[in-house]
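Student: One structure coming up, written as structure tokens, with questions to follow.
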There are 2 protein chains.
Amino acid sequence: MRPYRQYDRQELLQEQQILQRKYREYQGLGLKLNMARGKPGSEQLALSMPMLDVLDSASDCKDAGGVDARNYGELLGLSEARKLFADYMGVAPDETIVVGSSSLTFMYDCMARAMLTGVLGSEKPWSRYDEIKFICPVPGYDRHFTICEFLGIRMIPVTLTEWGPDMDAVRELIKDESVKGIWCVPKYTNPYGGCYSDEAVRALAEMRPAAKDFRIFWDNAYAVHYVYRDVPVLNLLQACKEAGCPDRAYMFGSTSKITFPGAGVAFFAASEANVRFTEKQIACQAISWDKMNMLRHVRFLKSPENIRALMDRHAAILRPKFDAVLNTLERELGGREAGSWVRPDGGYFVTFIAPKGCAARIHALCKEAGVTMTPPGATHPYHDDPDDAFLRIAPSYPSPDELAKAMDIFTLAARMACVEKLLEETR
Amino acid sequence: MRPYRQYDRQELLQEQQILQRKYREYQGLGLKLNMARGKPGSEQLALSMPMLDVLDSASDCKDAGGVDARNYGELLGLSEARKLFADYMGVAPDETIVVGSSSLTFMYDCMARAMLTGVLGSEKPWSRYDEIKFICPVPGYDRHFTICEFLGIRMIPVTLTEWGPDMDAVRELIKDESVKGIWCVPKYTNPYGGCYSDEAVRALAEMRPAAKDFRIFWDNAYAVHYVYRDVPVLNLLQACKEAGCPDRAYMFGSTSKITFPGAGVAFFAASEANVRFTEKQIACQAISWDKMNMLRHVRFLKSPENIRALMDRHAAILRPKFDAVLNTLERELGGREAGSWVRPDGGYFVTFIAPKGCAARIHALCKEAGVTMTPPGATHPYHDDPDDAFLRIAPSYPSPDELAKAMDIFTLAARMACVEKLLEETR
């Protein structure tokens, strides 16, 4: 296939007619397809249904240490849960807190507490500065940006590559002492799909920010969530220890996409000093988190090896869905230069990079043909994608058949938008 | 029995010798008893074990509206849960949010968000004032005070009677527009045991604070937790609506002492405007709360009537424990004027009011004889009980036998402290 930009005006008009005819056919079908939601499908949820049999009315609800999971206590989490998720995160149990059911909520909490009182080593609460800033690699996760926006933290975008953020830009930005941190999704990044290289992780650990209380918010949401290939990513806490700044790393994870979204357990990993500091703070906001759900998870998930076996089954369900997306992109757009994409090894998303100025138009065309996509701009702070180029595709929830249909429409929309743009430019 | 203060010095010295001999006997027993923890005993926990059978691997996890509780969504809570707990709180489902597993955490959250951004109608975030203040009826719940202390909110104590706070003092304080709210435990107050009278609730609704964004944090932790008698308490939201200030009420509750502490569900009730405002805010901190636990609770608890039937069984377990405490107090201290107490109709605590300057001494004497009590001062902001008089007794966790023994020691300690004090005064 030839790139569209090699088409002359006549060819473009002809192509436009063909595409529009097809598009009207799709519109006539009255479809309702959704590629916006990064949530597991029901086949995946079924994998964890046996977890519901783990605790019943005859169960002993005490953990190995004799703690009754049904009652108050153990603010840092049931010790068996701390052990399991410490192993999962590659840290020691004393470097872990197992909290509620949402890592996002705990990220918000950590940021809110930093604003209200500061983090370990802060001279004053972050809210007492005229302005503080966070570095946001883009494309990134909209809910990270929402937290910053809600709390009035200025966001500064830096380019994310497949191997991590543009570290030259990061190193420049951290000379400003009002830059207090950076958001990272290190593995199968949301939505880019890449994984941070060892160099990127080490560079983040070794850089010397002007702010002494700089924090890396390391949202390791997809630590074991491979689809095609498990890609090892360096342990940030370890790297920070080696670089002499163990307190820089705030690592987060959850079982939302291992067991049940929103009804799993979430955990936090950081230096022992950070954990002790955080313990004192969360003692002001909680007596204890849901230890029954921790017990349920520990008895169901058992070990990191067993978690991996479960993730193999998730991957087997997700693979045909990712195939449907990637194959359709390749088949319909390959060679046309009507957009590019990253082939992720895992995670929950495929990022589509449209020709400049085309993302909003593709989104609108999809919508009018019954295909819901994440809104354009969601990948950027303040919903501001200056190139109007990035779109996030979420293949996990629809069936492979629905996805194939939705991707037919998506790629058609991408072609239409590209042709329209070129026609505008040749006018 | 004669009041100790009618004893002459000789009689006091004689009494002291007798008491000290008894005390040394108790010390020799090497007891380890705990009356500090306001947590249910294991017999109570057993009542909710059938809840664990409600969801198993064969269960349909969809609610009546077809929402899959296993997946993301429904930020305000599963609709059936909103309905049940709205009924429980005496409000409409649209006036309710069902959140995580802890009402305390949501109270903290509401206060933290008020500090960070303000509440509905705030001119600016509360943290932007030089100082804001909260009214704290005393004796009160230490964890409310901890939230304020953590967030730097100045606490002003007012006297709590059996029927509610001293409203003359409250009405005086609210002339100051930096006074932004008041903490209340309206029913079987922690630790006082009294219940707010209709007049007190109406007075709180009808008062006119200088701060337009004044909030009543109404921690209705013991709404159905009677021990001897269910005492009706007026619905604050209703009273605020009638007084033309529906947004003043922030009501909180949870099933921590209905099902499992820390592993139940928590809920928030307020005006629809407050709920809509709060929804927008919590959308920045959560995708959804644990709906599986909501579903479990809804299917187990079923209806307010069924909750009441469950609470009858809790009361039957708690009653002999409260009896043990109250009977020992009456038997050992009645007529001696070595302290007073409130006979609660329900809740989790008995407040003991020692003669001035005796609480810390009683606590220490108990400790040295193996009886752990909540530290003195815990009932007051900044741990400052100016009279050194208040002690909180928590009868729920030990067995009636253990309680009887612990109360023997407690009342002995109270008598010793009182006699010591009188001897000092007659020196």
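Ligands are numbered from 1 in the order shown, chains are lettered A, B, ... in the order of the structure tokens, and residues start at 1 in each chain.
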Can you pull out the residues contacting Thr259 of chain B? Cut-off 8 Å, using only C-alpha atoms, and skip same-chain residues under 5 positions away; I want them as a list in words.

Tutor: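 The contact residues come out as Leu45, Leu47, Ser48 and Gly264 of chain B.
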
Student: Skipping near chain neighbours, those fewer than 6 positions away, what residues fall within 10 Å of Asp166 of chain B using only C-alpha atoms, listed as a ChimeraX atom specification?

Tutor: /B:137-138,158-160,200

Student: Atoms to include: C-alpha atoms. Write the selected residues as a compact mmCIF listing (two decimals), in the first residue's frame.

Tutor:
```txt
# COMPACT_ATOMS: atom_id res chain seq x y z
CA PRO B 137 -17.97 18.20 72.57
CA VAL B 138 -16.14 16.51 75.47
CA VAL B 158 -17.47 22.31 74.81
CA THR B 159 -19.20 20.37 77.53
CA LEU B 160 -21.26 17.41 76.43
CA ALA B 200 -30.29 19.49 70.74
```

Student: Given the choices B:Pro209, B:Leu422, B:Pro398, B:Tyr192, which gets closest to Thr372 of chain B if the distance is worked out from only C-alpha atoms?

Tutor: B:Pro398

Student: For each of A:Asp230, A:Thr146, A:Val298, A:Lys175, take the minimum atom-to-atom distance to Gln281 of chain B, counting only C-alpha atoms, then give the residue where this is smallest.

Tutor: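 Counting only C-alpha atoms, the residue closest to Gln281 of chain B is A:Thr146.
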
Student: I need the chain B residues near chain A as a PyMOL selection string; criterion: at most 8 Å, counting only C-alpha atoms.

Tutor: chain B and resi 39-40+45+49-53+55-58+70-72+100-102+104-105+108-109+112+115-117+143+146-147+150-151+260-264+281+284-293

Student: Between atom CA of Pro320 of chain A and atom CA of Arg392 of chain A, what is the distance in Å, rounded to a tenth?

Tutor: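 Rounded to one decimal, the two atoms are 18.1 Å apart.
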
Student: Which parts of segment 183-260 of chain B does DSSP call strand (DSSP E) when run on the backbone here, written out as a VMD selection string?

Tutor: chain B and resid 183 to 184 215 to 219 249 to 254

Student: Using the selection just defined, write its residues with all heavy atoms as a compact mmCIF listing (two decimals), in the first residue's frame.

Tutor:
```txt
# COMPACT_ATOMS: atom_id res chain seq x y z
N TRP B 183 -17.97 18.26 65.66
CA TRP B 183 -18.05 16.80 65.67
C TRP B 183 -19.19 16.36 66.58
O TRP B 183 -19.28 16.84 67.71
CB TRP B 183 -16.77 16.20 66.24
CG TRP B 183 -15.58 16.17 65.34
CD1 TRP B 183 -14.47 16.96 65.47
CD2 TRP B 183 -15.34 15.30 64.23
NE1 TRP B 183 -13.55 16.63 64.48
CE2 TRP B 183 -14.08 15.61 63.71
CE3 TRP B 183 -16.09 14.30 63.61
CZ2 TRP B 183 -13.52 14.96 62.61
CZ3 TRP B 183 -15.55 13.65 62.52
CH2 TRP B 183 -14.28 13.98 62.02
N CYS B 184 -20.01 15.43 66.12
CA CYS B 184 -21.07 14.90 66.97
C CYS B 184 -21.16 13.38 66.82
O CYS B 184 -21.08 12.87 65.70
CB CYS B 184 -22.42 15.49 66.59
SG CYS B 184 -22.54 17.28 66.80
N ARG B 215 -20.10 22.89 58.78
CA ARG B 215 -20.55 21.50 58.62
C ARG B 215 -20.64 20.78 59.97
O ARG B 215 -19.74 20.92 60.81
CB ARG B 215 -19.56 20.71 57.74
CG ARG B 215 -19.61 21.06 56.26
CD ARG B 215 -20.92 20.64 55.62
NE ARG B 215 -20.98 20.96 54.19
CZ ARG B 215 -21.32 22.15 53.69
NH1 ARG B 215 -21.61 23.16 54.49
NH2 ARG B 215 -21.39 22.33 52.38
N ILE B 216 -21.71 20.03 60.12
CA ILE B 216 -21.83 19.15 61.29
C ILE B 216 -21.39 17.75 60.88
O ILE B 216 -22.01 17.12 60.03
CB ILE B 216 -23.29 19.12 61.80
CG1 ILE B 216 -23.73 20.52 62.23
CG2 ILE B 216 -23.42 18.11 62.96
CD1 ILE B 216 -25.22 20.63 62.57
N PHE B 217 -20.27 17.31 61.42
CA PHE B 217 -19.78 15.94 61.16
C PHE B 217 -20.49 15.02 62.13
O PHE B 217 -20.14 14.97 63.31
CB PHE B 217 -18.26 15.88 61.30
CG PHE B 217 -17.50 16.27 60.05
CD1 PHE B 217 -17.64 17.54 59.51
CD2 PHE B 217 -16.66 15.36 59.41
CE1 PHE B 217 -16.94 17.91 58.36
CE2 PHE B 217 -15.96 15.72 58.25
CZ PHE B 217 -16.10 16.99 57.73
N TRP B 218 -21.50 14.32 61.64
CA TRP B 218 -22.47 13.56 62.43
C TRP B 218 -22.11 12.09 62.33
O TRP B 218 -22.52 11.41 61.39
CB TRP B 218 -23.84 13.85 61.82
CG TRP B 218 -25.07 13.49 62.56
CD1 TRP B 218 -25.93 12.46 62.27
CD2 TRP B 218 -25.67 14.20 63.66
NE1 TRP B 218 -27.00 12.49 63.12
CE2 TRP B 218 -26.87 13.55 63.98
CE3 TRP B 218 -25.29 15.34 64.39
CZ2 TRP B 218 -27.70 13.99 65.02
CZ3 TRP B 218 -26.12 15.77 65.40
CH2 TRP B 218 -27.31 15.09 65.71
N ASP B 219 -21.29 11.64 63.25
CA ASP B 219 -20.77 10.27 63.21
C ASP B 219 -21.77 9.35 63.90
O ASP B 219 -21.67 9.08 65.08
CB ASP B 219 -19.41 10.24 63.91
CG ASP B 219 -18.78 8.85 63.88
OD1 ASP B 219 -19.40 7.93 63.30
OD2 ASP B 219 -17.68 8.69 64.45
N ALA B 249 -25.45 19.25 57.04
CA ALA B 249 -25.29 17.91 57.64
C ALA B 249 -24.39 17.00 56.81
O ALA B 249 -24.62 16.80 55.62
CB ALA B 249 -26.67 17.27 57.79
N TYR B 250 -23.36 16.47 57.42
CA TYR B 250 -22.53 15.41 56.86
C TYR B 250 -22.71 14.21 57.78
O TYR B 250 -22.16 14.20 58.89
CB TYR B 250 -21.06 15.82 56.88
CG TYR B 250 -20.50 16.47 55.64
CD1 TYR B 250 -21.32 17.06 54.67
CD2 TYR B 250 -19.12 16.51 55.44
CE1 TYR B 250 -20.77 17.66 53.54
CE2 TYR B 250 -18.57 17.11 54.31
CZ TYR B 250 -19.39 17.69 53.37
OH TYR B 250 -18.83 18.29 52.26
N MET B 251 -23.45 13.21 57.35
CA MET B 251 -23.73 12.08 58.22
C MET B 251 -22.93 10.84 57.79
O MET B 251 -22.78 10.57 56.60
CB MET B 251 -25.23 11.79 58.21
CG MET B 251 -26.04 12.92 58.84
SD MET B 251 -27.76 13.05 58.29
CE MET B 251 -28.42 11.47 58.71
N PHE B 252 -22.44 10.11 58.77
CA PHE B 252 -21.59 8.95 58.50
C PHE B 252 -22.08 7.72 59.26
O PHE B 252 -22.60 7.85 60.36
CB PHE B 252 -20.15 9.23 58.93
CG PHE B 252 -19.57 10.48 58.32
CD1 PHE B 252 -19.70 11.72 58.95
CD2 PHE B 252 -18.91 10.42 57.10
CE1 PHE B 252 -19.17 12.87 58.38
CE2 PHE B 252 -18.37 11.57 56.52
CZ PHE B 252 -18.51 12.79 57.16
N GLY B 253 -21.89 6.59 58.67
CA GLY B 253 -22.22 5.34 59.35
C GLY B 253 -21.44 4.20 58.73
O GLY B 253 -20.79 4.36 57.69
N SER B 254 -21.47 3.06 59.37
CA SER B 254 -20.81 1.89 58.79
C SER B 254 -21.39 0.63 59.43
O SER B 254 -22.12 0.69 60.41
CB SER B 254 -19.31 1.93 59.03
OG SER B 254 -18.99 1.42 60.31
```

Student: Looking at A:Ile174, A:Ala404, A:Ala360, A:Val98, which one is nearest to Ala81 of chain A, with distances taken over only C-alpha atoms?

Tutor: A:Val98

Student: Using only C-alpha atoms, can you tell me which of A:Leu29, A:Leu236, A:Leu19, A:Leu120 comes closest to Glu332 of chain A?

Tutor: A:Leu19

Student: For atom CA of Lys180 of chain B and atom CA of Phe134 of chain B, determine how far apart the two atoms are, in Å to one decimal place.

Tutor: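 Atom-to-atom, atom CA of Lys180 of chain B and atom CA of Phe134 of chain B are spaced 5.9 Å apart.
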
Student: Enumerate the residues of segment 381-411 of chain B with a DSSP assignment of helix (DSSP H, G or I), computed from the backbone, and present them as a list of chain:residue names.

Tutor: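 Matching residues for helix (DSSP H, G or I) in segment 381-411 of chain B are B:Pro381, B:Tyr382, B:His383, B:Pro400, B:Asp401, B:Glu402, B:Leu403, B:Ala404, B:Lys405, B:Ala406, B:Met407, B:Asp408, B:Ile409, B:Phe410, B:Thr411.
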
Student: Residues as selected, N, CA, C and O atoms, written as an mmCIF file, in the first residue's frame, can you do that?

Tutor:
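Below is the file that was written, result-v7.cif:
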```
data_model
loop_
_atom_site.group_PDB
_atom_site.id
_atom_site.type_symbol
_atom_site.label_atom_id
_atom_site.label_comp_id
_atom_site.auth_asym_id
_atom_site.auth_seq_id
_atom_site.Cartn_x
_atom_site.Cartn_y
_atom_site.Cartn_z
ATOM 1 N N PRO B 381 -9.629 16.866 73.267
ATOM 2 C CA PRO B 381 -8.671 17.370 72.275
ATOM 3 C C PRO B 381 -7.293 17.570 72.899
ATOM 4 O O PRO B 381 -7.203 17.994 74.062
ATOM 5 N N TYR B 382 -6.279 17.285 72.113
ATOM 6 C CA TYR B 382 -4.887 17.425 72.551
ATOM 7 C C TYR B 382 -4.597 16.612 73.819
ATOM 8 O O TYR B 382 -3.707 16.951 74.587
ATOM 9 N N HIS B 383 -5.395 15.588 74.077
ATOM 10 C CA HIS B 383 -5.240 14.735 75.257
ATOM 11 C C HIS B 383 -5.271 15.551 76.549
ATOM 12 O O HIS B 383 -4.662 15.168 77.532
ATOM 13 N N PRO B 400 -17.655 -11.665 80.100
ATOM 14 C CA PRO B 400 -18.235 -11.113 81.337
ATOM 15 C C PRO B 400 -17.395 -11.449 82.570
ATOM 16 O O PRO B 400 -17.225 -10.596 83.455
ATOM 17 N N ASP B 401 -16.831 -12.639 82.625
ATOM 18 C CA ASP B 401 -15.981 -13.012 83.765
ATOM 19 C C ASP B 401 -14.739 -12.148 83.859
ATOM 20 O O ASP B 401 -14.370 -11.665 84.933
ATOM 21 N N GLU B 402 -14.074 -11.998 82.718
ATOM 22 C CA GLU B 402 -12.878 -11.146 82.696
ATOM 23 C C GLU B 402 -13.232 -9.719 83.096
ATOM 24 O O GLU B 402 -12.498 -9.049 83.828
ATOM 25 N N LEU B 403 -14.388 -9.272 82.578
ATOM 26 C CA LEU B 403 -14.817 -7.908 82.881
ATOM 27 C C LEU B 403 -15.063 -7.724 84.370
ATOM 28 O O LEU B 403 -14.673 -6.702 84.947
ATOM 29 N N ALA B 404 -15.726 -8.717 84.974
ATOM 30 C CA ALA B 404 -16.017 -8.608 86.402
ATOM 31 C C ALA B 404 -14.713 -8.471 87.178
ATOM 32 O O ALA B 404 -14.585 -7.628 88.075
ATOM 33 N N LYS B 405 -13.714 -9.277 86.789
ATOM 34 C CA LYS B 405 -12.411 -9.213 87.455
ATOM 35 C C LYS B 405 -11.740 -7.854 87.202
ATOM 36 O O LYS B 405 -11.228 -7.214 88.123
ATOM 37 N N ALA B 406 -11.760 -7.439 85.949
ATOM 38 C CA ALA B 406 -11.132 -6.161 85.597
ATOM 39 C C ALA B 406 -11.826 -5.014 86.327
ATOM 40 O O ALA B 406 -11.177 -4.068 86.783
ATOM 41 N N MET B 407 -13.123 -5.099 86.444
ATOM 42 C CA MET B 407 -13.862 -4.023 87.111
ATOM 43 C C MET B 407 -13.629 -4.037 88.618
ATOM 44 O O MET B 407 -13.652 -2.975 89.255
ATOM 45 N N ASP B 408 -13.401 -5.197 89.190
ATOM 46 C CA ASP B 408 -13.008 -5.244 90.604
ATOM 47 C C ASP B 408 -11.734 -4.438 90.803
ATOM 48 O O ASP B 408 -11.622 -3.653 91.750
ATOM 49 N N ILE B 409 -10.803 -4.659 89.912
ATOM 50 C CA ILE B 409 -9.530 -3.930 90.012
ATOM 51 C C ILE B 409 -9.737 -2.440 89.740
ATOM 52 O O ILE B 409 -9.219 -1.584 90.439
ATOM 53 N N PHE B 410 -10.534 -2.161 88.707
ATOM 54 C CA PHE B 410 -10.784 -0.754 88.356
ATOM 55 C C PHE B 410 -11.415 0.002 89.523
ATOM 56 O O PHE B 410 -10.979 1.096 89.889
ATOM 57 N N THR B 411 -12.454 -0.592 90.115
ATOM 58 C CA THR B 411 -13.135 0.125 91.204
ATOM 59 C C THR B 411 -12.236 0.238 92.432
ATOM 60 O O THR B 411 -12.261 1.244 93.134
#
```

Student: Under the rule that only C-alpha atoms are counted, which of A:Ala364, A:Met35, A:Ala378, A:Ala414 is the nearest residue to Asp142 of chain A?

Tutor: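 The answer is A:Ala378, which sits nearest to Asp142 of chain A.
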
Student: List the spatial neighbours of Leu13 of chain B as a ChimeraX atom specification - criterion: any atom at most 12 Å away, only C-alpha atoms, same-chain residues fewer than 3 positions off excluded.

Tutor: /B:4,7-10,16-20,416,418-424,426-427

Student: Residues as selected, N, CA, C and O atoms, written as an mmCIF file, in the first residue's frame, can you do that?

Tutor:
```
data_model
loop_
_atom_site.group_PDB
_atom_site.id
_atom_site.type_symbol
_atom_site.label_atom_id
_atom_site.label_comp_id
_atom_site.auth_asym_id
_atom_site.auth_seq_id
_atom_site.Cartn_x
_atom_site.Cartn_y
_atom_site.Cartn_z
ATOM 1 N N TYR B 4 -16.648 8.966 100.855
ATOM 2 C CA TYR B 4 -15.294 9.067 101.408
ATOM 3 C C TYR B 4 -15.015 10.450 101.984
ATOM 4 O O TYR B 4 -14.264 10.586 102.945
ATOM 5 N N TYR B 7 -15.194 10.826 105.596
ATOM 6 C CA TYR B 7 -14.241 10.106 106.453
ATOM 7 C C TYR B 7 -13.279 11.099 107.102
ATOM 8 O O TYR B 7 -12.847 12.058 106.467
ATOM 9 N N ASP B 8 -12.898 10.823 108.321
ATOM 10 C CA ASP B 8 -11.817 11.636 108.897
ATOM 11 C C ASP B 8 -10.477 10.996 108.506
ATOM 12 O O ASP B 8 -10.438 9.924 107.907
ATOM 13 N N ARG B 9 -9.392 11.665 108.868
ATOM 14 C CA ARG B 9 -8.073 11.227 108.421
ATOM 15 C C ARG B 9 -7.758 9.800 108.862
ATOM 16 O O ARG B 9 -7.224 8.995 108.097
ATOM 17 N N GLN B 10 -8.112 9.483 110.085
ATOM 18 C CA GLN B 10 -7.849 8.160 110.610
ATOM 19 C C GLN B 10 -8.579 7.084 109.802
ATOM 20 O O GLN B 10 -8.003 6.066 109.430
ATOM 21 N N GLN B 16 -7.258 3.033 103.405
ATOM 22 C CA GLN B 16 -6.141 2.918 102.467
ATOM 23 C C GLN B 16 -5.386 1.607 102.678
ATOM 24 O O GLN B 16 -5.036 0.910 101.727
ATOM 25 N N GLN B 17 -5.156 1.265 103.940
ATOM 26 C CA GLN B 17 -4.454 0.014 104.243
ATOM 27 C C GLN B 17 -5.203 -1.204 103.706
ATOM 28 O O GLN B 17 -4.618 -2.086 103.098
ATOM 29 N N ILE B 18 -6.509 -1.206 103.935
ATOM 30 C CA ILE B 18 -7.329 -2.324 103.455
ATOM 31 C C ILE B 18 -7.250 -2.433 101.933
ATOM 32 O O ILE B 18 -7.047 -3.515 101.369
ATOM 33 N N LEU B 19 -7.404 -1.267 101.274
ATOM 34 C CA LEU B 19 -7.398 -1.248 99.808
ATOM 35 C C LEU B 19 -6.045 -1.691 99.269
ATOM 36 O O LEU B 19 -5.969 -2.460 98.303
ATOM 37 N N GLN B 20 -4.990 -1.204 99.878
ATOM 38 C CA GLN B 20 -3.643 -1.546 99.388
ATOM 39 C C GLN B 20 -3.376 -3.042 99.526
ATOM 40 O O GLN B 20 -2.727 -3.641 98.664
ATOM 41 N N MET B 416 -8.871 3.717 95.741
ATOM 42 C CA MET B 416 -7.525 4.083 96.216
ATOM 43 C C MET B 416 -7.172 5.508 95.826
ATOM 44 O O MET B 416 -6.662 6.292 96.640
ATOM 45 N N CYS B 418 -9.121 7.950 95.099
ATOM 46 C CA CYS B 418 -9.970 8.911 95.796
ATOM 47 C C CYS B 418 -9.472 9.107 97.234
ATOM 48 O O CYS B 418 -9.345 10.240 97.719
ATOM 49 N N VAL B 419 -9.164 8.008 97.893
ATOM 50 C CA VAL B 419 -8.679 8.080 99.272
ATOM 51 C C VAL B 419 -7.339 8.821 99.328
ATOM 52 O O VAL B 419 -7.130 9.706 100.166
ATOM 53 N N GLU B 420 -6.447 8.485 98.415
ATOM 54 C CA GLU B 420 -5.143 9.184 98.334
ATOM 55 C C GLU B 420 -5.342 10.693 98.219
ATOM 56 O O GLU B 420 -4.674 11.482 98.883
ATOM 57 N N LYS B 421 -6.243 11.062 97.308
ATOM 58 C CA LYS B 421 -6.501 12.480 97.040
ATOM 59 C C LYS B 421 -7.003 13.180 98.313
ATOM 60 O O LYS B 421 -6.523 14.261 98.660
ATOM 61 N N LEU B 422 -7.946 12.523 98.981
ATOM 62 C CA LEU B 422 -8.500 13.125 100.199
ATOM 63 C C LEU B 422 -7.432 13.222 101.285
ATOM 64 O O LEU B 422 -7.382 14.216 102.029
ATOM 65 N N LEU B 423 -6.571 12.234 101.360
ATOM 66 C CA LEU B 423 -5.483 12.278 102.337
ATOM 67 C C LEU B 423 -4.541 13.436 102.037
ATOM 68 O O LEU B 423 -4.097 14.151 102.952
ATOM 69 N N GLU B 424 -4.236 13.612 100.775
ATOM 70 C CA GLU B 424 -3.407 14.766 100.372
ATOM 71 C C GLU B 424 -4.051 16.065 100.826
ATOM 72 O O GLU B 424 -3.391 16.942 101.377
ATOM 73 N N THR B 426 -6.205 16.573 103.166
ATOM 74 C CA THR B 426 -6.329 16.775 104.620
ATOM 75 C C THR B 426 -4.968 16.855 105.297
ATOM 76 O O THR B 426 -4.889 16.960 106.517
ATOM 77 N N ARG B 427 -3.882 16.802 104.498
ATOM 78 C CA ARG B 427 -2.546 16.811 105.090
ATOM 79 C C ARG B 427 -2.254 18.143 105.787
ATOM 80 O O ARG B 427 -2.728 19.183 105.372
#
```
